[in-house]
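Pasting start.txt here (compact mmCIF, C-alpha atoms):
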# COMPACT_ATOMS: atom_id res chain seq x y z
CA MET A 697 35.32 -36.67 -104.02
CA ALA A 698 32.63 -33.96 -104.06
CA ASP A 699 32.09 -34.58 -107.77
CA GLN A 700 31.63 -38.32 -107.10
CA HIS A 701 29.11 -37.54 -104.33
CA SER A 702 27.19 -35.27 -106.72
CA LEU A 703 27.24 -37.97 -109.41
CA ASP A 704 25.92 -40.54 -106.91
CA GLN A 705 23.01 -38.26 -106.04
CA GLN A 706 22.20 -37.64 -109.71
CA ILE A 707 22.15 -41.35 -110.50
CA ILE A 708 20.05 -42.27 -107.45
CA SER A 709 17.64 -39.39 -108.07
CA GLN A 710 17.19 -40.47 -111.70
CA VAL A 711 16.47 -44.06 -110.64
CA ALA A 712 13.89 -42.75 -108.14
CA GLU A 713 12.24 -40.60 -110.83
CA ASN A 714 11.98 -43.59 -113.19
CA SER A 715 10.53 -45.76 -110.41
CA ILE A 716 7.82 -43.19 -109.50
CA SER A 717 6.98 -42.59 -113.17
CA ASN A 718 6.38 -46.30 -113.69
CA GLN A 719 3.84 -46.34 -110.83
CA LEU A 720 1.73 -43.54 -112.33
CA GLU A 721 -0.73 -43.57 -115.18
CA ALA A 722 0.66 -40.27 -116.45
CA ALA A 723 2.95 -37.44 -115.37
CA GLU A 724 3.70 -34.16 -117.09
CA GLN A 725 6.85 -33.58 -115.04
CA ILE A 726 8.66 -35.25 -112.14
CA ASP A 727 11.76 -34.00 -110.35
CA ILE A 728 13.28 -35.89 -107.43
CA TYR A 729 16.41 -34.99 -105.50
CA VAL A 730 17.71 -37.64 -103.12
CA GLU A 731 20.29 -36.53 -100.57
CA THR A 732 22.46 -39.64 -100.17
CA ASP A 733 25.35 -41.55 -101.72
CA ILE A 734 25.96 -45.07 -102.96
CA LEU A 735 27.31 -46.30 -99.61
CA LYS A 736 24.31 -44.96 -97.67
CA ILE A 737 21.76 -46.21 -100.18
CA VAL A 738 23.21 -49.74 -99.91
CA GLN A 739 22.62 -49.44 -96.16
CA GLY A 740 19.08 -48.19 -96.80
CA GLN A 741 19.76 -44.64 -95.61
CA VAL A 742 18.74 -41.34 -97.20
CA ASP A 743 19.49 -37.95 -95.63
CA GLY A 744 16.39 -36.44 -97.18
CA LEU A 745 14.23 -36.39 -100.29
CA ARG A 746 12.66 -33.55 -102.25
CA PHE A 747 9.93 -34.36 -104.73
CA ALA A 748 8.13 -32.09 -107.19
CA GLY A 749 5.60 -33.15 -109.78
CA GLN A 750 3.03 -31.67 -112.16
CA GLY A 751 0.05 -33.31 -113.79
CA LEU A 752 0.38 -36.59 -111.90
CA VAL A 753 -2.34 -39.17 -112.56
CA THR A 754 -2.60 -42.31 -110.40
CA LYS A 755 -3.73 -45.71 -111.63
CA GLN A 756 -7.18 -44.90 -110.21
CA ASN A 757 -7.34 -41.79 -112.43
CA ILE A 758 -6.94 -39.28 -109.58
CA ARG A 759 -5.01 -36.26 -110.81
CA LEU A 760 -2.80 -33.85 -108.86
CA GLN A 761 -2.20 -30.53 -110.55
CA GLU A 762 1.04 -30.03 -108.64
CA ILE A 763 2.82 -31.48 -105.60
CA LYS A 764 5.93 -30.42 -103.73
CA LEU A 765 7.13 -32.67 -100.93
CA GLN A 766 10.15 -32.84 -98.64
CA THR A 767 11.13 -35.45 -96.05
CA ASP A 768 13.69 -35.70 -93.28
CA ASN A 769 16.00 -38.75 -92.90
CA ILE A 770 14.75 -42.01 -94.38
CA ASP A 771 15.93 -45.38 -93.11
CA ILE A 772 14.58 -48.43 -94.96
CA ASN A 773 15.24 -52.16 -94.84
CA PRO A 774 17.51 -52.71 -97.88
CA ILE A 775 16.82 -56.46 -98.04
CA SER A 776 13.06 -55.95 -98.25
CA ALA A 777 13.55 -53.22 -100.86
CA ILE A 778 15.37 -55.68 -103.12
CA PHE A 779 12.18 -57.79 -103.20
CA GLY A 780 9.98 -54.75 -103.88
CA GLN A 781 8.71 -54.21 -100.33
CA ILE A 782 9.55 -50.82 -98.83
CA LYS A 783 9.76 -51.18 -95.04
CA LEU A 784 10.82 -48.25 -92.88
CA ASN A 785 13.17 -48.88 -89.97
CA LYS A 786 11.98 -45.63 -88.36
CA SER A 787 9.20 -43.14 -88.99
CA VAL A 788 9.62 -40.36 -91.54
CA ASN A 789 8.39 -36.77 -91.24
CA LEU A 790 7.32 -34.90 -94.35
CA VAL A 791 5.77 -31.64 -95.43
CA ALA A 792 3.85 -31.25 -98.67
CA ARG A 793 2.13 -28.61 -100.76
CA ILE A 794 -0.55 -30.15 -103.00
CA THR A 795 -2.50 -28.24 -105.65
CA LEU A 796 -5.79 -29.67 -106.90
CA ALA A 797 -7.76 -28.20 -109.80
CA GLU A 798 -11.54 -27.91 -109.45
CA ALA A 799 -12.17 -30.29 -112.36
CA ASP A 800 -9.76 -32.87 -110.95
CA ILE A 801 -11.39 -32.71 -107.50
CA ASN A 802 -14.80 -33.36 -109.07
CA ASN A 803 -13.42 -36.28 -111.01
CA ALA A 804 -11.96 -37.74 -107.80
CA LEU A 805 -15.18 -37.14 -105.82
CA ASN A 806 -17.14 -39.22 -108.31
CA SER A 807 -14.58 -42.03 -108.52
CA LYS A 808 -14.93 -45.53 -107.07
CA PHE A 809 -12.24 -44.62 -104.53
CA SER A 810 -14.43 -41.84 -103.07
CA ARG A 811 -17.59 -43.94 -103.15
CA ASP A 812 -15.87 -46.72 -101.23
CA LEU A 813 -14.51 -44.19 -98.73
CA VAL A 814 -17.95 -42.67 -98.09
CA GLN A 815 -19.48 -46.12 -97.54
CA LYS A 816 -17.18 -46.55 -94.53
CA PHE A 817 -18.65 -43.40 -92.95
CA GLN A 818 -21.38 -44.14 -90.42
CA LEU A 819 -23.25 -42.16 -87.79
CA ASN A 820 -24.81 -43.31 -84.55
CA VAL A 821 -28.05 -41.35 -84.17
CA GLU A 822 -29.89 -42.07 -80.93
CA GLY A 823 -28.48 -45.61 -80.88
CA LYS A 824 -29.31 -46.29 -84.55
CA ILE A 825 -26.68 -46.62 -87.29
CA VAL A 826 -27.04 -44.42 -90.38
CA LYS A 827 -25.00 -45.30 -93.46
CA PHE A 828 -24.24 -43.14 -96.50
CA ALA A 829 -23.78 -44.11 -100.14
CA LEU A 830 -22.47 -41.37 -102.45
CA GLN A 831 -24.49 -40.93 -105.66
CA GLN A 832 -22.82 -37.83 -107.06
CA MET A 833 -20.90 -34.78 -105.85
CA GLN A 834 -19.89 -31.47 -107.38
CA ILE A 835 -17.57 -28.86 -105.88
CA TYR A 836 -17.17 -25.21 -106.85
CA LEU A 837 -14.16 -23.15 -105.80
CA HIS A 838 -15.07 -19.46 -105.56
CA ASP A 839 -12.71 -16.49 -105.61
CA THR A 840 -14.63 -15.15 -102.61
CA GLY A 841 -12.87 -17.77 -100.46
CA GLN A 842 -15.91 -20.05 -100.24
CA ILE A 843 -16.26 -23.66 -101.36
CA ALA A 844 -19.71 -24.72 -102.59
CA LEU A 845 -20.85 -28.35 -102.60
CA GLU A 846 -23.80 -29.99 -104.34
CA GLY A 847 -24.48 -33.69 -104.09
CA LYS A 848 -26.76 -36.65 -103.59
CA PHE A 849 -26.49 -39.40 -100.99
CA GLN A 850 -28.44 -42.59 -100.44
CA LEU A 851 -29.19 -42.75 -96.69
CA GLN A 852 -29.70 -46.16 -95.12
CA GLU A 853 -31.35 -46.22 -91.69
CA ASN A 854 -33.76 -48.56 -89.89
CA GLY A 855 -33.59 -50.96 -92.82
CA HIS A 856 -34.86 -48.31 -95.23
CA SER A 857 -33.06 -46.38 -97.97
CA ARG A 858 -33.87 -42.88 -99.19
CA LEU A 859 -32.30 -40.22 -101.39
CA LEU A 860 -30.95 -36.96 -99.99
CA GLY A 861 -29.90 -34.06 -102.18
CA PHE A 862 -28.08 -31.13 -100.61
CA SER A 863 -26.11 -27.96 -101.23
CA ALA A 864 -23.63 -26.45 -98.81
CA LYS A 865 -21.15 -23.61 -98.54
CA LEU A 866 -18.04 -23.64 -96.38
CA ARG A 867 -14.84 -21.72 -95.78
CA PRO A 868 -11.60 -23.71 -95.85
CA ARG A 869 -9.23 -24.19 -92.94
CA THR A 870 -6.59 -21.54 -92.34
CA LEU A 871 -3.69 -21.27 -89.90
CA SER A 872 -5.98 -19.49 -87.41
CA ARG A 873 -9.36 -21.27 -87.74
CA PRO A 874 -10.90 -24.66 -88.69
CA ILE A 875 -13.24 -25.37 -91.59
CA ILE A 876 -16.49 -23.39 -91.14
CA PHE A 877 -19.89 -24.27 -92.64
CA ASP A 878 -21.77 -21.17 -93.77
CA SER A 879 -24.91 -23.00 -94.95
CA PHE A 880 -26.48 -26.42 -95.53
CA THR A 881 -29.71 -26.92 -97.48
CA CYS A 882 -31.62 -30.08 -98.42
CA THR A 883 -32.57 -29.88 -102.11
CA GLN A 884 -34.10 -33.30 -102.77
CA GLY A 885 -35.84 -35.97 -100.72
CA GLU A 886 -37.48 -35.63 -97.34
CA GLY A 887 -34.57 -33.79 -95.73
CA VAL A 888 -32.91 -34.89 -92.51
CA SER A 889 -34.13 -35.04 -88.94
CA LEU A 890 -32.82 -32.65 -86.32
CA ASP A 891 -31.12 -35.57 -84.52
CA LEU A 892 -29.32 -36.63 -87.70
CA MET A 893 -28.25 -33.06 -88.46
CA VAL A 894 -26.91 -32.56 -84.91
CA SER A 895 -25.01 -35.88 -85.06
CA LEU A 896 -23.59 -34.98 -88.48
CA MET A 897 -22.40 -31.56 -87.34
CA GLN A 898 -20.93 -32.98 -84.13
CA ARG A 899 -19.05 -35.64 -86.10
CA PHE A 900 -17.77 -33.04 -88.55
CA GLN A 901 -16.62 -30.80 -85.71
CA GLU A 902 -14.82 -33.74 -84.07
CA LEU A 903 -13.02 -34.58 -87.31
CA SER A 904 -12.07 -30.97 -88.08
CA ASN A 905 -10.69 -30.45 -84.56
CA LEU A 906 -8.53 -33.58 -84.52
CA PRO A 907 -4.80 -32.76 -84.10
CA TYR A 908 -4.13 -35.23 -86.90
CA ILE A 909 -5.87 -37.92 -88.97
CA GLN A 910 -4.71 -41.54 -88.67
CA LEU A 911 -4.53 -43.59 -91.88
CA GLU A 912 -3.11 -47.03 -91.18
CA ASP A 913 0.57 -46.38 -90.30
CA MET A 914 0.47 -42.72 -91.31
CA LYS A 915 -0.85 -39.71 -89.44
CA PHE A 916 -1.22 -36.34 -91.10
CA ARG A 917 -2.85 -32.96 -90.66
CA ILE A 918 -3.85 -30.22 -93.05
CA LYS A 919 -2.25 -27.06 -91.67
CA ASN A 920 -3.68 -24.62 -94.19
CA MET A 921 -5.89 -24.42 -97.28
CA GLU A 922 -5.91 -21.73 -99.97
CA LEU A 923 -8.13 -21.01 -102.98
CA GLN A 924 -6.41 -19.61 -106.05
CA ASN A 925 -7.81 -19.44 -109.59
CA LYS A 926 -10.11 -22.49 -109.34
CA ASN A 927 -7.39 -24.42 -107.50
CA LEU A 928 -7.40 -25.75 -103.94
CA ILE A 929 -3.96 -25.72 -102.30
CA LEU A 930 -3.34 -27.96 -99.28
CA PHE A 931 -0.40 -27.57 -96.90
CA ILE A 932 0.15 -30.89 -95.13
CA GLU A 933 2.39 -32.28 -92.41
CA ALA A 934 2.69 -36.06 -91.96
CA ASN A 935 4.50 -38.71 -89.98
CA VAL A 936 4.83 -42.11 -91.67
CA ASN A 937 5.70 -45.25 -89.70
CA GLN A 938 5.31 -47.55 -92.67
CA ILE A 939 4.22 -47.09 -96.26
CA PRO A 940 0.42 -47.59 -95.93
CA GLU A 941 -1.07 -50.44 -97.94
CA SER A 942 -3.79 -48.08 -99.15
CA VAL A 943 -1.16 -45.83 -100.73
CA THR A 944 0.50 -48.82 -102.38
CA GLU A 945 -2.87 -49.97 -103.71
CA LEU A 946 -3.54 -46.46 -105.02
CA MET A 947 -0.39 -46.71 -107.11
CA ASP A 948 -0.99 -50.33 -108.29

Mind turning this structure into structure tokens?
Amino acid sequence: MADQHSLDQQIISQVAENSISNQLEAAEQIDIYVETDILKIVQGQVDGLRFAGQGLVTKQNIRLQEIKLQTDNIDINPISAIFGQIKLNKSVNLVARITLAEADINNALNSKFSRDLVQKFQLNVEGKIVKFALQQMQIYLHDTGQIALEGKFQLQENGHSRLLGFSAKLRPRTLSRPIIFDSFTCTQGEGVSLDLMVSLMQRFQELSNLPYIQLEDMKFRIKNMELQNKNLILFIEANVNQIPESVTELMD
């Protein structure tokens, strides 16, 4: 009976690996272990899932150097799953360790996905809305524990548009402190007003102090960040009520 249970898990895990592989542009290695059996999977129940991958590339050409992820119990609607729609009957908790290489982060920062994300970011400065359009961004991961940023934004305010170039240095979040800006310098354009700078810093502080970030039906928080050999390592906790449409679109 134990051998049959082990065989069930191997078969289900292999099916899951094939399914994930088909949703990615490329993958150097994928290993999935699903804790369940045939009877439970028919009922849409999984005791837990462990996922490990290296060199994963999404359909939008965003690359993850390495990811390790583990969930608690998963309960899905088996009827919906048959028709290709994954619907959770209850929320799922997960923890993940994600490693991003410097070159891959820069590629992602200059992708359409990032540009569209930045365009949704707005500031209210003294009752006036300021919008941002990302032109280019470059990140540098230093062994000193600092992250350097250089970029250009198109600022839109009062019906006018102007270019802003900047450079900044920050220290990543740890278990004991939030992200800290060490410096911010305007390198191109007319710079920013004091009101805009204050609003920007206040907004950044609000975001960095949030207990979690809400993304559709998923909320997550970055517990810790580490810099190692030109890699940024993120330690994440998340609670997922439903598979977010944005994640599905990212894989399509």

Any idea what the distance is between CA of Cys882 (chain A) and CA of Gly861 (chain A)?
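Distance reported for this atom pair: 5.7 Å.
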
For CA of Ala864 (chain A) and CA of Glu933 (chain A), determine how far apart the two atoms are, in Å to one decimal place.
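According to the coordinates, CA of Ala864 (chain A) and CA of Glu933 (chain A) are separated by 27.4 Å.
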
Dump as a ChimeraX atom specification all residues having an atom at most 12 Å from (18.9, -39.5, -98.7), computed in the file's coordinates with all atoms listed in the file.
/A:701,704-706,708-709,712,728-747,766-772,788

State, in Å with one decimal place, the distance from CA of Arg873 (chain A) to CA of Leu837 (chain A).
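Straight-line distance from CA of Arg873 (chain A) to CA of Leu837 (chain A) works out to 18.8 Å.
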
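Of the residues listed (A:Glu713, A:Asp839, A:Glu886, A:Asp878), A:Asp839 shows the shortest atom-to-atom separation from Lys926 (chain A); distances use only C-alpha atoms.
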
Using all atoms listed in the file for the distances, tell me which of A:Gln750, A:Gln756, A:Asn820, A:Asn806 is nearest to Gly847 (chain A).
A:Asn806

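Those residues that approach region 899-913 of chain A to within 6 Å, counting all atoms listed in the file, are Leu896, Met897, Lys915, Phe916, Arg917, Asn937, Gln938 and Pro940 of chain A; same-chain residues fewer than 2 positions away are not listed.
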